[in-house]
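Dropping query25.pdb in here (PDB, C-alpha atoms, pLDDT in the B column):
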```
MODEL        1
ATOM      1  CA  MET J 181       0.338   0.988 115.967  1.00 61.00           C
ATOM      2  CA  LYS J 182      -1.199   0.396 119.381  1.00 68.00           C
ATOM      3  CA  ILE J 183      -3.899   2.704 120.711  1.00 72.00           C
ATOM      4  CA  GLN J 184      -1.538   3.892 123.446  1.00 80.00           C
ATOM      5  CA  ASP J 185       0.977   4.974 120.774  1.00 79.00           C
ATOM      6  CA  PHE J 186      -1.772   6.735 118.833  1.00 79.00           C
ATOM      7  CA  ASN J 187      -2.995   8.557 121.939  1.00 84.00           C
ATOM      8  CA  GLU J 188       0.577   9.575 122.758  1.00 86.00           C
ATOM      9  CA  ARG J 189       0.988  11.048 119.265  1.00 84.00           C
ATOM     10  CA  LEU J 190      -2.180  13.067 119.742  1.00 86.00           C
ATOM     11  CA  LYS J 191      -0.765  14.529 122.953  1.00 90.00           C
ATOM     12  CA  ASP J 192       2.301  15.788 121.117  1.00 86.00           C
ATOM     13  CA  SER J 193       0.910  16.926 117.781  1.00 89.00           C
ATOM     14  CA  ILE J 194      -2.090  17.468 115.549  1.00 91.00           C
ATOM     15  CA  LEU J 195      -2.755  14.761 112.998  1.00 91.00           C
ATOM     16  CA  ILE J 196      -4.216  15.837 109.649  1.00 92.00           C
ATOM     17  CA  ALA J 197      -6.799  13.542 108.090  1.00 93.00           C
ATOM     18  CA  ASP J 198      -8.134  13.426 104.565  1.00 95.00           C
ATOM     19  CA  GLY J 199     -11.473  14.883 103.549  1.00 90.00           C
ATOM     20  CA  ALA J 200     -14.488  14.095 101.421  1.00 89.00           C
ATOM     21  CA  MET J 201     -13.688  10.896  99.535  1.00 93.00           C
ATOM     22  CA  GLY J 202     -17.051  10.849  97.761  1.00 92.00           C
ATOM     23  CA  SER J 203     -16.686  14.403  96.476  1.00 94.00           C
ATOM     24  CA  LEU J 204     -13.313  13.720  94.901  1.00 96.00           C
ATOM     25  CA  LEU J 205     -14.485  10.395  93.483  1.00 97.00           C
ATOM     26  CA  HIS J 206     -17.495  12.170  91.973  1.00 96.00           C
ATOM     27  CA  GLU J 207     -15.123  14.674  90.402  1.00 96.00           C
ATOM     28  CA  ALA J 208     -12.869  11.880  89.095  1.00 96.00           C
ATOM     29  CA  VAL J 209     -15.413   9.391  87.737  1.00 96.00           C
ATOM     30  CA  GLY J 210     -18.751  11.208  87.749  1.00 95.00           C
ATOM     31  CA  PRO J 211     -22.032  10.281  89.424  1.00 95.00           C
ATOM     32  CA  GLN J 212     -22.264   6.737  90.770  1.00 94.00           C
ATOM     33  CA  ARG J 213     -24.995   4.707  92.387  1.00 93.00           C
ATOM     34  CA  CYS J 214     -22.567   3.813  95.172  1.00 95.00           C
ATOM     35  CA  PHE J 215     -19.055   5.185  95.685  1.00 97.00           C
ATOM     36  CA  ASP J 216     -18.092   2.162  97.800  1.00 96.00           C
ATOM     37  CA  GLU J 217     -18.620  -0.020  94.709  1.00 97.00           C
ATOM     38  CA  LEU J 218     -15.698   1.799  93.064  1.00 98.00           C
ATOM     39  CA  ASN J 219     -13.397  -0.248  95.304  1.00 97.00           C
ATOM     40  CA  SER J 220     -14.086  -3.099  92.883  1.00 97.00           C
ATOM     41  CA  THR J 221     -14.948  -1.331  89.632  1.00 97.00           C
ATOM     42  CA  GLU J 222     -12.502   1.627  89.678  1.00 97.00           C
ATOM     43  CA  PRO J 223      -9.805   0.855  92.274  1.00 98.00           C
ATOM     44  CA  GLU J 224      -7.288   3.076  90.473  1.00 98.00           C
ATOM     45  CA  ALA J 225      -9.546   6.105  90.958  1.00 98.00           C
ATOM     46  CA  VAL J 226      -9.852   5.366  94.678  1.00 98.00           C
ATOM     47  CA  PHE J 227      -6.071   4.950  94.915  1.00 98.00           C
ATOM     48  CA  ARG J 228      -5.506   8.293  93.165  1.00 98.00           C
ATOM     49  CA  VAL J 229      -7.788  10.083  95.632  1.00 98.00           C
ATOM     50  CA  HIS J 230      -5.822   8.600  98.530  1.00 98.00           C
ATOM     51  CA  GLN J 231      -2.594   9.711  96.858  1.00 98.00           C
ATOM     52  CA  ALA J 232      -3.947  13.223  96.360  1.00 97.00           C
ATOM     53  CA  TYR J 233      -4.744  13.519 100.064  1.00 98.00           C
ATOM     54  CA  ILE J 234      -1.313  12.175 101.016  1.00 98.00           C
ATOM     55  CA  ASP J 235       0.327  14.639  98.610  1.00 97.00           C
ATOM     56  CA  ALA J 236      -1.725  17.428 100.234  1.00 97.00           C
ATOM     57  CA  GLY J 237      -0.297  16.525 103.641  1.00 96.00           C
ATOM     58  CA  ALA J 238      -2.803  14.092 105.153  1.00 96.00           C
ATOM     59  CA  GLN J 239      -1.310  11.875 107.836  1.00 94.00           C
ATOM     60  CA  ILE J 240      -4.469   9.768 108.120  1.00 94.00           C
ATOM     61  CA  ILE J 241      -6.414   8.462 105.139  1.00 96.00           C
ATOM     62  CA  GLU J 242      -9.860   6.920 105.450  1.00 95.00           C
ATOM     63  CA  THR J 243     -10.949   3.832 103.587  1.00 95.00           C
ATOM     64  CA  ASN J 244     -13.587   4.273 100.897  1.00 96.00           C
ATOM     65  CA  THR J 245     -16.118   2.303 102.954  1.00 92.00           C
ATOM     66  CA  PHE J 246     -18.380   4.932 104.547  1.00 92.00           C
ATOM     67  CA  GLY J 247     -21.591   3.419 103.158  1.00 91.00           C
ATOM     68  CA  ALA J 248     -20.487  -0.182 102.640  1.00 90.00           C
ATOM     69  CA  ASN J 249     -23.011  -1.872 104.917  1.00 88.00           C
ATOM     70  CA  ARG J 250     -25.769  -4.362 104.192  1.00 85.00           C
ATOM     71  CA  PHE J 251     -28.603  -1.890 104.789  1.00 84.00           C
ATOM     72  CA  LYS J 252     -27.285   0.625 102.258  1.00 89.00           C
ATOM     73  CA  LEU J 253     -26.074  -1.939  99.718  1.00 92.00           C
ATOM     74  CA  GLU J 254     -29.168  -4.171  99.736  1.00 91.00           C
ATOM     75  CA  PRO J 255     -31.384  -1.844  97.630  1.00 92.00           C
ATOM     76  CA  LEU J 256     -28.612  -1.776  95.016  1.00 95.00           C
ATOM     77  CA  GLY J 257     -28.389  -5.563  94.807  1.00 96.00           C
ATOM     78  CA  LEU J 258     -24.977  -5.466  96.512  1.00 95.00           C
ATOM     79  CA  ALA J 259     -25.838  -6.910  99.929  1.00 90.00           C
ATOM     80  CA  ASP J 260     -23.617  -9.935  99.316  1.00 93.00           C
ATOM     81  CA  GLU J 261     -20.680  -7.636  98.501  1.00 93.00           C
ATOM     82  CA  VAL J 262     -20.260  -6.129 102.004  1.00 90.00           C
ATOM     83  CA  GLN J 263     -17.124  -8.094 102.886  1.00 89.00           C
ATOM     84  CA  LYS J 264     -15.618  -7.702  99.429  1.00 94.00           C
ATOM     85  CA  LEU J 265     -16.173  -3.933  99.180  1.00 94.00           C
ATOM     86  CA  ASN J 266     -14.877  -3.316 102.706  1.00 91.00           C
ATOM     87  CA  GLY J 267     -11.865  -5.561 102.175  1.00 92.00           C
ATOM     88  CA  ARG J 268     -11.015  -3.913  98.851  1.00 95.00           C
ATOM     89  CA  GLY J 269     -11.450  -0.448 100.373  1.00 95.00           C
ATOM     90  CA  VAL J 270      -8.945  -1.275 103.092  1.00 93.00           C
ATOM     91  CA  LYS J 271      -6.539  -2.900 100.648  1.00 95.00           C
ATOM     92  CA  ILE J 272      -6.505   0.160  98.369  1.00 97.00           C
ATOM     93  CA  ALA J 273      -5.895   2.524 101.285  1.00 96.00           C
ATOM     94  CA  ARG J 274      -3.068   0.324 102.554  1.00 95.00           C
ATOM     95  CA  GLU J 275      -1.504   0.280  99.077  1.00 97.00           C
ATOM     96  CA  ALA J 276      -1.614   4.090  99.022  1.00 97.00           C
ATOM     97  CA  ARG J 277      -0.075   4.163 102.491  1.00 96.00           C
ATOM     98  CA  ASP J 278       2.669   1.756 101.440  1.00 96.00           C
ATOM     99  CA  SER J 279       3.523   3.888  98.406  1.00 97.00           C
ATOM    100  CA  ALA J 280       3.926   7.045 100.504  1.00 97.00           C
ATOM    101  CA  ALA J 281       7.358   8.400 101.399  1.00 96.00           C
ATOM    102  CA  ARG J 282       6.299   8.992 105.026  1.00 93.00           C
ATOM    103  CA  GLU J 283       4.224   7.295 107.694  1.00 91.00           C
ATOM    104  CA  ILE J 284       0.508   7.305 106.933  1.00 93.00           C
ATOM    105  CA  LEU J 285      -2.197   5.868 109.175  1.00 92.00           C
ATOM    106  CA  VAL J 286      -5.211   4.122 107.673  1.00 93.00           C
ATOM    107  CA  ALA J 287      -8.608   4.671 109.293  1.00 91.00           C
ATOM    108  CA  GLY J 288     -11.577   2.440 108.582  1.00 88.00           C
ATOM    109  CA  SER J 289     -14.495   4.673 107.623  1.00 88.00           C
ATOM    110  CA  ILE J 290     -17.785   3.382 109.027  1.00 83.00           C
ATOM    111  CA  GLY J 291     -20.830   5.527 108.313  1.00 79.00           C
ATOM    112  CA  PRO J 292     -24.370   5.229 109.635  1.00 75.00           C
ATOM    113  CA  LEU J 293     -26.495   2.252 108.676  1.00 73.00           C
ATOM    114  CA  GLY J 294     -28.713   4.475 106.554  1.00 70.00           C
ATOM    115  CA  ILE J 295     -32.006   3.394 108.050  1.00 66.00           C
ATOM    116  CA  GLY J 296     -34.692   5.798 109.130  1.00 60.00           C
ATOM    117  CA  VAL J 297     -36.992   5.703 112.119  1.00 52.00           C
ATOM    118  CA  GLN J 298     -39.924   4.572 109.967  1.00 56.00           C
ATOM    119  CA  ALA J 299     -38.038   1.471 108.846  1.00 58.00           C
ATOM    120  CA  VAL J 300     -37.286   0.572 112.456  1.00 56.00           C
ATOM    121  CA  ILE J 301     -40.956   1.031 113.401  1.00 54.00           C
ATOM    122  CA  ARG J 302     -42.100  -1.185 110.490  1.00 63.00           C
ATOM    123  CA  SER J 303     -39.541  -3.952 111.171  1.00 65.00           C
ATOM    124  CA  PRO J 304     -38.174  -3.598 114.693  1.00 59.00           C
ATOM    125  CA  THR J 305     -36.638  -7.076 114.841  1.00 61.00           C
ATOM    126  CA  LYS J 306     -34.702  -6.485 111.627  1.00 60.00           C
ATOM    127  CA  PHE J 307     -33.062  -3.412 113.114  1.00 56.00           C
ATOM    128  CA  TRP J 308     -32.867  -4.414 116.766  1.00 55.00           C
ATOM    129  CA  PRO J 309     -29.515  -3.364 118.238  1.00 56.00           C
ATOM    130  CA  SER J 310     -28.149  -6.904 118.185  1.00 54.00           C
ATOM    131  CA  SER J 311     -28.977  -7.156 114.475  1.00 56.00           C
ATOM    132  CA  ALA J 312     -27.399  -3.787 113.716  1.00 52.00           C
ATOM    133  CA  SER J 313     -24.346  -4.788 115.761  1.00 54.00           C
ATOM    134  CA  LYS J 314     -24.076  -8.012 113.763  1.00 58.00           C
ATOM    135  CA  HIS J 315     -23.984  -6.024 110.510  1.00 56.00           C
ATOM    136  CA  TRP J 316     -21.427  -3.588 111.927  1.00 53.00           C
ATOM    137  CA  LEU J 317     -19.258  -6.449 113.135  1.00 55.00           C
ATOM    138  CA  SER J 318     -19.437  -8.267 109.782  1.00 57.00           C
ATOM    139  CA  ARG J 319     -18.199  -5.067 108.155  1.00 54.00           C
ATOM    140  CA  SER J 320     -15.513  -4.572 110.717  1.00 54.00           C
ATOM    141  CA  ALA J 321     -14.279  -8.147 110.355  1.00 54.00           C
ATOM    142  CA  ALA J 322     -13.200  -7.456 106.773  1.00 55.00           C
ATOM    143  CA  SER J 323     -11.370  -4.368 107.917  1.00 54.00           C
ATOM    144  CA  ILE J 324      -9.779  -5.878 111.006  1.00 50.00           C
ATOM    145  CA  SER J 325      -8.519  -8.866 109.050  1.00 53.00           C
ATOM    146  CA  THR J 326      -6.574  -6.429 106.877  1.00 55.00           C
ATOM    147  CA  SER J 327      -5.103  -4.527 109.857  1.00 62.00           C
ATOM    148  CA  LEU J 328      -6.289  -0.945 110.090  1.00 71.00           C
ATOM    149  CA  ASN J 329      -4.746   1.569 112.435  1.00 69.00           C
ATOM    150  CA  ILE J 330      -8.070   3.076 113.655  1.00 67.00           C
ATOM    151  CA  PHE J 331     -11.809   3.228 112.949  1.00 64.00           C
ATOM    152  CA  LEU J 332     -13.704   6.476 112.347  1.00 66.00           C
ATOM    153  CA  HIS J 333     -17.446   6.599 112.784  1.00 55.00           C
TER     154      HIS J 333
ENDMDL
END
```

Starting from the file, give its structure as structure tokens.
Amino acid sequence: MKIQDFNERLKDSILIADGAMGSLLHEAVGPQRCFDELNSTEPEAVFRVHQAYIDAGAQIIETNTFGANRFKLEPLGLADEVQKLNGRGVKIAREARDSAAREILVAGSIGPLGIGVQAVIRSPTKFWPSSASKHWLSRSAASISTSLNIFLH
């Protein structure tokens, strides 16, 4: 779907999106160190959450990738998994979309980098806008290569 088509749909109707992916994943599989990691370790649980939102009437589902960036994954030893976790998150959402009986849009969920002001003050070159943009783009590349409809930030 082209952005013009999406904007036209918004002129004519309200689109219903899903809700708190992490809350439902917590309910389904319990506490986790990182819900984005479930894209690899528990993909069926992620798929079921997408299905539940579709069954509830969502027209847009978000990928389970809100925190899947290098800055948030690095302390967990998952920094090298950014592309994999984002790609798997998109793939699972697309599979849920494809299994639906009606048109569903898939939105790439991109949350904040998860860095505080103090970290930027301590290491300004690490977090300089061009560096942060590079990390955002590396994340987005995995999502774009698997054809999302939209990004939500």

Could you state the separation of atom CA of J:Pro292 and atom CA of J:Leu253 in Å, given to one decimal place?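 Result for atom CA of J:Pro292 versus atom CA of J:Leu253: 12.4 Å, one decimal.
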
Given the PyMOL selection byres ((chain J and resi 293) around 7), the residues it picks as a PyMOL selection string: chain J and resi 249+251-252+291-292+294-295

List the spatial neighbours of stretch 229-244 of chain J as a ChimeraX atom specification - criterion: any atom at most 8 Å away, only C-alpha atoms, same-chain residues fewer than 6 positions off excluded. /J:195-199,201,204-205,215-216,219,266,269-270,272-273,276,280,283-289,332

Mind giving me the straight-line distance from atom CA of J:Ser203 to atom CA of J:Arg274 in Å, one decimal? 20.5 Å

May I ask for the distance between atom CA of J:Val262 and atom CA of J:Ser279, given in Å to one decimal place?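 Pair atom CA of J:Val262 / atom CA of J:Ser279 returns 26.1 Å.
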
Between J:Gln184, J:Gln263, J:Thr245, J:Thr221, which one has atoms that come closest to J:Val209, using only C-alpha atoms?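 Between J:Gln184, J:Gln263, J:Thr245, J:Thr221, the residue approaching J:Val209 most closely is J:Thr221.
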
Atoms are missing here; could stretch 263-283 of chain J be completed with N, CA and C atoms and written as a PDB file, keeping the file's coordinate frame?
```pdb
ATOM      1  N   GLN J 263     -18.491  -7.702 102.530  1.00 89.00           N
ATOM      2  CA  GLN J 263     -17.124  -8.094 102.886  1.00 89.00           C
ATOM      3  C   GLN J 263     -16.135  -7.719 101.785  1.00 89.00           C
ATOM      4  N   LYS J 264     -16.513  -7.984 100.555  1.00 94.00           N
ATOM      5  CA  LYS J 264     -15.618  -7.702  99.429  1.00 94.00           C
ATOM      6  C   LYS J 264     -15.328  -6.207  99.308  1.00 94.00           C
ATOM      7  N   LEU J 265     -16.364  -5.375  99.349  1.00 94.00           N
ATOM      8  CA  LEU J 265     -16.173  -3.933  99.180  1.00 94.00           C
ATOM      9  C   LEU J 265     -15.378  -3.329 100.337  1.00 94.00           C
ATOM     10  N   ASN J 266     -15.643  -3.800 101.561  1.00 91.00           N
ATOM     11  CA  ASN J 266     -14.877  -3.316 102.706  1.00 91.00           C
ATOM     12  C   ASN J 266     -13.427  -3.786 102.628  1.00 91.00           C
ATOM     13  N   GLY J 267     -13.227  -5.035 102.298  1.00 92.00           N
ATOM     14  CA  GLY J 267     -11.865  -5.561 102.175  1.00 92.00           C
ATOM     15  C   GLY J 267     -11.070  -4.848 101.093  1.00 92.00           C
ATOM     16  N   ARG J 268     -11.694  -4.624  99.944  1.00 95.00           N
ATOM     17  CA  ARG J 268     -11.015  -3.913  98.851  1.00 95.00           C
ATOM     18  C   ARG J 268     -10.729  -2.466  99.244  1.00 95.00           C
ATOM     19  N   GLY J 269     -11.675  -1.821  99.942  1.00 95.00           N
ATOM     20  CA  GLY J 269     -11.450  -0.448 100.373  1.00 95.00           C
ATOM     21  C   GLY J 269     -10.245  -0.324 101.289  1.00 95.00           C
ATOM     22  N   VAL J 270     -10.097  -1.275 102.187  1.00 93.00           N
ATOM     23  CA  VAL J 270      -8.945  -1.275 103.092  1.00 93.00           C
ATOM     24  C   VAL J 270      -7.667  -1.562 102.318  1.00 93.00           C
ATOM     25  N   LYS J 271      -7.730  -2.520 101.424  1.00 95.00           N
ATOM     26  CA  LYS J 271      -6.539  -2.900 100.648  1.00 95.00           C
ATOM     27  C   LYS J 271      -6.012  -1.714  99.824  1.00 95.00           C
ATOM     28  N   ILE J 272      -6.909  -0.987  99.194  1.00 97.00           N
ATOM     29  CA  ILE J 272      -6.505   0.160  98.369  1.00 97.00           C
ATOM     30  C   ILE J 272      -5.863   1.237  99.242  1.00 97.00           C
ATOM     31  N   ALA J 273      -6.461   1.510 100.386  1.00 96.00           N
ATOM     32  CA  ALA J 273      -5.895   2.524 101.285  1.00 96.00           C
ATOM     33  C   ALA J 273      -4.516   2.090 101.784  1.00 96.00           C
ATOM     34  N   ARG J 274      -4.374   0.820 102.098  1.00 95.00           N
ATOM     35  CA  ARG J 274      -3.068   0.324 102.554  1.00 95.00           C
ATOM     36  C   ARG J 274      -2.027   0.405 101.441  1.00 95.00           C
ATOM     37  N   GLU J 275      -2.437   0.149 100.213  1.00 97.00           N
ATOM     38  CA  GLU J 275      -1.504   0.280  99.077  1.00 97.00           C
ATOM     39  C   GLU J 275      -1.051   1.728  98.921  1.00 97.00           C
ATOM     40  N   ALA J 276      -1.973   2.672  99.099  1.00 97.00           N
ATOM     41  CA  ALA J 276      -1.614   4.090  99.022  1.00 97.00           C
ATOM     42  C   ALA J 276      -0.661   4.441 100.164  1.00 97.00           C
ATOM     43  N   ARG J 277      -0.965   3.935 101.342  1.00 96.00           N
ATOM     44  CA  ARG J 277      -0.075   4.163 102.491  1.00 96.00           C
ATOM     45  C   ARG J 277       1.320   3.617 102.216  1.00 96.00           C
ATOM     46  N   ASP J 278       1.375   2.404 101.693  1.00 96.00           N
ATOM     47  CA  ASP J 278       2.669   1.756 101.440  1.00 96.00           C
ATOM     48  C   ASP J 278       3.478   2.463 100.362  1.00 96.00           C
ATOM     49  N   SER J 279       2.807   3.186  99.475  1.00 97.00           N
ATOM     50  CA  SER J 279       3.523   3.888  98.406  1.00 97.00           C
ATOM     51  C   SER J 279       3.991   5.281  98.833  1.00 97.00           C
ATOM     52  N   ALA J 280       3.569   5.705 100.020  1.00 97.00           N
ATOM     53  CA  ALA J 280       3.926   7.045 100.504  1.00 97.00           C
ATOM     54  C   ALA J 280       5.368   7.062 101.013  1.00 97.00           C
ATOM     55  N   ALA J 281       5.975   8.234 100.950  1.00 96.00           N
ATOM     56  CA  ALA J 281       7.358   8.400 101.399  1.00 96.00           C
ATOM     57  C   ALA J 281       7.448   8.652 102.901  1.00 96.00           C
ATOM     58  N   ARG J 282       6.310   8.744 103.585  1.00 93.00           N
ATOM     59  CA  ARG J 282       6.299   8.992 105.026  1.00 93.00           C
ATOM     60  C   ARG J 282       5.219   8.136 105.671  1.00 93.00           C
ATOM     61  N   GLU J 283       5.202   8.117 106.989  1.00 91.00           N
ATOM     62  CA  GLU J 283       4.224   7.295 107.694  1.00 91.00           C
ATOM     63  C   GLU J 283       2.815   7.849 107.505  1.00 91.00           C
TER      64      GLU J 283
END
```
